[in-house]
Amino acid sequence: MICLEKVYLPAFGRAAHCPALPVEVFRRRLDAATARLDASAFDVLAVYADREHCANMAYLTGFDPRFEEALLLLDRRGNRLLMVGNENIGYLPDADLGFRVELFQEFSLLGQSREQSRPLRDVFGEFGIGSGARVGCAGWKSYQSRFVLPGAVPAGDAPTALDLPAYIVDVLRELCGDVSRVTNAAGMFTNLDDGLRVVNEPEQIARFEFAASVASDGVLEVLRHIRPGAAEDELERLMDGRGLPLSCHRMIGFGEKAQRGLASPSERRASLGDQFTTAFGVAGSLCARAGCVASGPDDLSDELRDFYPRFAANYFSVVAAWYGALRVGATAGDVFQAAESRRNPRLLDFALNPGHYLHLDEWLNSPFTTGSRSVLKSGSAVQADIIPVSRGPFCCSNVEDGVVLADESLRERLSRAYPDAWERISHRRSFMQEALGIRLDASVLPLGNTPGWLPPYVLSLEQAFVERP
């Protein structure tokens with residue numbers, strides 16, 4: 001049974017600084033990617049990055065291009081070439097990783113100097129890309145053949161559909177001599193079953209825990225300051241990223257604007273009875289909340305006064321079931337079914353998959369679909385991104401936080417290497433189970449400072465949903 005009760009949200013705290021990733025972590029990742037070349041029958045891996053889509057490159061190198069694009073080439077022999085533009089030549093990965101760096105000025109902004117660069121054919125040819133070579137290209141996504149290939153019927157991946165710039169792909173295909181030898185390798189990082197970024201090291205988990213505390217603290221500050229008359233763009237200042245790169249733009253919306261949930265803050269001010277949404281994402285975490293600018297149902301319109309409490313309570317029931325089914329070794333389809341079994345179809349639908357993997361980018365991939373047999377692995381970072389769509393009058397609710405799944409071995413390594421983070425994680429687990437009544441498997445580790453906490457009326461933050469027998 002879902003109840004609205006007085007709940008004290010503890011101050012879980014956070015690390016003073018974001019834990020560093022040792023260079024050895026990047027060495028292991030680069031070695032793992034190189035080993036995948038043999039398994040995938042690729043001779044060369046080409047990893048492309050721009051400001052919006054830099055997670056694969058940042059995962060391998062710690063480098064995320066600023067203002068420009070970049071390209072990383074790896075081969076089976078362990079050679080590593082990083083191509084950057086004018087501004088990033090002074091912003092490079094740790095030299096101990098052994099990259100050879102090439103200035104390629106077409107990655108630079110328009111109007112800048114381009115007199116010092118070699119043609120792509122020369123750079124690629126010198127790296128060993130030639131006739132008969134097989135090149136795997138990792139951009140952002142993989143694609144399904146029936147949507148992107150003319151006349152294609154199968155629903156499988158379309159290996160020649162790439163999201164690297166055409167001028168790069170054209171040269172690669174010309175040098176290799178066959179379109180079929182230059183194919184999509186994004187799945188090397190994002191595949192549900194064996195993607196390199198699906199499973200995280202303790203060092204990365206510690207950074208995700210810091211990121212989650214930063215994102216959730218920012219959202220919590222916004223919630224504490226929402227009141228009638230508060231302006232979206234004034235509240236945005238409360239989202240302090242502590243220097244972490246954003247994984248998405250900041251979001252705050254009141255009233256009718258809340259229907260455009262992805263919208264950036266504007267000058268719009270909150271009114272009593274408004275719906276609201278807010279989200280804050282930094283690299284490694286996103287936290288979101290949605291609800292009503294109200295103290296209780298009496299502050300809502302006539303059409304919402306009865307519907308919204310039932311809608312929000314059913315949504316929290318879905319979320320509690322999702323958390324209860326989550327564990328290392330569970331199939332994603334079983335987790336989906338647990339959430340679906342609680343959903344009242346007269347009240348709400350799911351906007352997207354109920355949950356997904358997260359990483360430096362907010363959405364890595366999602367196994368949470370009907371009947372999915374994908375097994376949840378130790379080391380996976382998972383987002384409770386369950387967005388309800390009202391089947392009645394417009395209203396919204398959201399309790400979006402991240403967790404990591406960790407088996408006993410990983411939990412022991414994490415607690416030993418990061419005892420302060422482990423104490424915060426343990427405190428969050430206790431809060432979710434004891435205060436909110438949400439069952440958690442031992443392998444579920446909450447990362448943020450608002451774990452599972454959903455106050456439906458933002459003017460009464462002391463009242464939150466709980467699940468009781």
# chains A, B, ... in the order shown; residues from 1 in each chain; ligands from 1
$ residues_around --residues "Val328 of chain A" --least-positions-apart "2" --cutoff "10 Å" --atoms "only C-alpha atoms" --output "JSON, numbers by chain"
{"A": [325, 326, 330, 331, 375, 376, 377, 378, 379, 380, 404, 405, 406, 407, 408, 441, 442, 443, 444]}
$ residues_around --residues "segment 430-440 of chain A" --least-positions-apart "3" --cutoff "9 Å" --atoms "only C-alpha atoms" --output "PyMOL selection string"
chain A and resi 7-10+320-321+323-327+425-427+443-446+451-453+464-469
$ select_by_dssp --residues "segment 102-344 of chain A" --states "strand (DSSP E or B)" --output "number ranges by chain"
A: 102-103, 135-138, 144, 157, 182-184, 231, 246, 251-254, 269, 275-282, 285-292, 331
$ closest_atom_pairs --of "segment 314-390 of chain A" --to "segment 303-309 of chain A" --cutoff "12 Å" --atoms "only C-alpha atoms" --output "tab-separated table"
residue	atom	partner	partner_atom	distance
A:Asn314	CA	A:Pro309	CA	8.5
A:Tyr315	CA	A:Pro309	CA	9.9
A:Phe316	CA	A:Pro309	CA	10.7
A:Arg346	CA	A:Phe307	CA	10.6
A:Leu347	CA	A:Phe307	CA	8.2
A:Leu348	CA	A:Tyr308	CA	10.8
A:Val389	CA	A:Tyr308	CA	11.9
A:Ser390	CA	A:Tyr308	CA	9.1
$ write_last_selection --atoms "N, CA, C and O atoms" --output "PDB file, in the first residue's frame"
ATOM      1  N   ASN A 314       0.196   5.781  -7.765  1.00  0.00           N
ATOM      2  CA  ASN A 314       0.432   4.611  -8.612  1.00  0.00           C
ATOM      3  C   ASN A 314       1.828   4.653  -9.231  1.00  0.00           C
ATOM      4  O   ASN A 314       2.511   3.624  -9.335  1.00  0.00           O
ATOM      5  N   TYR A 315       2.251   5.837  -9.608  1.00  0.00           N
ATOM      6  CA  TYR A 315       3.608   5.976 -10.150  1.00  0.00           C
ATOM      7  C   TYR A 315       4.652   5.544  -9.125  1.00  0.00           C
ATOM      8  O   TYR A 315       5.586   4.795  -9.438  1.00  0.00           O
ATOM      9  N   PHE A 316       4.513   5.990  -7.879  1.00  0.00           N
ATOM     10  CA  PHE A 316       5.483   5.590  -6.857  1.00  0.00           C
ATOM     11  C   PHE A 316       5.439   4.085  -6.627  1.00  0.00           C
ATOM     12  O   PHE A 316       6.480   3.453  -6.387  1.00  0.00           O
ATOM     13  N   ARG A 346      -5.338   2.819 -16.428  1.00  0.00           N
ATOM     14  CA  ARG A 346      -6.326   3.899 -16.446  1.00  0.00           C
ATOM     15  C   ARG A 346      -5.729   5.226 -15.989  1.00  0.00           C
ATOM     16  O   ARG A 346      -6.342   6.277 -16.183  1.00  0.00           O
ATOM     17  N   LEU A 347      -4.526   5.135 -15.400  1.00  0.00           N
ATOM     18  CA  LEU A 347      -3.903   6.340 -14.856  1.00  0.00           C
ATOM     19  C   LEU A 347      -2.684   6.812 -15.649  1.00  0.00           C
ATOM     20  O   LEU A 347      -2.504   8.009 -15.840  1.00  0.00           O
ATOM     21  N   LEU A 348      -1.842   5.872 -16.090  1.00  0.00           N
ATOM     22  CA  LEU A 348      -0.585   6.313 -16.701  1.00  0.00           C
ATOM     23  C   LEU A 348      -0.037   5.285 -17.683  1.00  0.00           C
ATOM     24  O   LEU A 348      -0.344   4.101 -17.619  1.00  0.00           O
ATOM     25  N   VAL A 389       3.250   9.060 -18.193  1.00  0.00           N
ATOM     26  CA  VAL A 389       2.419   9.939 -19.010  1.00  0.00           C
ATOM     27  C   VAL A 389       0.973   9.778 -18.548  1.00  0.00           C
ATOM     28  O   VAL A 389       0.427   8.672 -18.553  1.00  0.00           O
ATOM     29  N   SER A 390       0.354  10.857 -18.136  1.00  0.00           N
ATOM     30  CA  SER A 390      -0.998  10.810 -17.598  1.00  0.00           C
ATOM     31  C   SER A 390      -2.005  10.356 -18.652  1.00  0.00           C
ATOM     32  O   SER A 390      -1.980  10.811 -19.798  1.00  0.00           O
TER      33      SER A 390
END
$ closest_residue --among "A:Pro159, A:Gly125, A:Gly111, A:Gly402" --to "Ser285 of chain A" --atoms "only C-alpha atoms"
A:Gly402
$ closest_atom_pairs --of "segment 326-432 of chain A" --to "segment 190-214 of chain A" --cutoff "10 Å" --atoms "only C-alpha atoms" --output "tab-separated table"
residue	atom	partner	partner_atom	distance
A:Tyr357	CA	A:Val198	CA	7.1
A:Leu358	CA	A:Val198	CA	8.1
A:His359	CA	A:Arg197	CA	7.2
A:Leu360	CA	A:Phe208	CA	8.6
A:Leu364	CA	A:Thr190	CA	6.3
A:Asn365	CA	A:Thr190	CA	6.4
A:Ser366	CA	A:Leu192	CA	7.3
A:Pro367	CA	A:Leu192	CA	6.5
A:Arg373	CA	A:Asp193	CA	9.9
A:Ser374	CA	A:Asp193	CA	6.5
A:Val375	CA	A:Asp193	CA	7.4
A:Leu376	CA	A:Asp193	CA	8.6
A:Lys377	CA	A:Val199	CA	7.0
A:Ser378	CA	A:Val199	CA	6.8
A:Gly379	CA	A:Val199	CA	4.6
A:Ser380	CA	A:Val199	CA	4.7
A:Ala381	CA	A:Val198	CA	7.4
A:Val382	CA	A:Val198	CA	9.4
A:Asp401	CA	A:Ala212	CA	7.8
A:Gly402	CA	A:Ala212	CA	7.1
A:Val403	CA	A:Glu209	CA	8.7
A:Val404	CA	A:Ile205	CA	7.5
A:Leu405	CA	A:Val199	CA	9.3
A:Ala406	CA	A:Pro202	CA	9.7
A:Leu410	CA	A:Pro202	CA	7.4
A:Arg411	CA	A:Pro202	CA	8.8
A:Glu412	CA	A:Pro202	CA	10.0
A:Arg413	CA	A:Pro202	CA	7.0
A:Leu414	CA	A:Pro202	CA	5.5
A:Ser415	CA	A:Pro202	CA	9.2
A:Arg416	CA	A:Pro202	CA	10.0
A:Ala417	CA	A:Pro202	CA	7.8
A:Tyr418	CA	A:Ala206	CA	7.2
A:Asp420	CA	A:Ala206	CA	10.0
A:Ala421	CA	A:Ala206	CA	7.0
A:Trp422	CA	A:Ala206	CA	9.0
A:Arg424	CA	A:Glu209	CA	9.2
A:Ile425	CA	A:Glu209	CA	8.5
$ closest_residue --among "A:Ser397, A:Leu461, A:Ala11, A:Ala138" --to "Asn56 of chain A" --atoms "only C-alpha atoms"
A:Ala138
$ residues_around --residues "Glu69 of chain A" --least-positions-apart "3" --cutoff "6 Å" --atoms "only C-alpha atoms" --output "PyMOL selection string"
chain A and resi 49-50+65+107
$ write_last_selection --atoms "N, CA, C and O atoms" --output "compact mmCIF listing (two decimals), in the first residue's frame"
# COMPACT_ATOMS: atom_id res chain seq x y z
N ALA A 49 34.58 11.86 -31.67
CA ALA A 49 33.95 12.59 -30.56
C ALA A 49 33.72 14.04 -30.94
O ALA A 49 34.54 14.66 -31.64
N ASP A 50 32.58 14.58 -30.48
CA ASP A 50 32.38 16.02 -30.48
C ASP A 50 31.85 16.39 -29.09
O ASP A 50 31.78 15.55 -28.20
N PRO A 65 36.72 16.55 -26.11
CA PRO A 65 37.05 17.75 -26.89
C PRO A 65 36.17 18.93 -26.53
O PRO A 65 34.97 18.79 -26.32
N PHE A 107 39.17 20.02 -37.77
CA PHE A 107 38.38 19.90 -36.54
C PHE A 107 38.22 21.25 -35.85
O PHE A 107 37.44 21.36 -34.90
$ residues_around --residues "Ser131 of chain A" --least-positions-apart "4" --cutoff "12 Å" --atoms "only C-alpha atoms" --output "JSON, numbers by chain"
{"A": [43, 124, 125, 135, 171, 172, 173, 174, 175, 176, 177, 178, 179, 181, 182]}
$ select_by_dssp --residues "segment 23-230 of chain A" --states "alpha helix (DSSP H)" --output "MDAnalysis selection string"
chainID A and resid 23:40 55:61 120:127 145:148 166:176 187:190 202:225
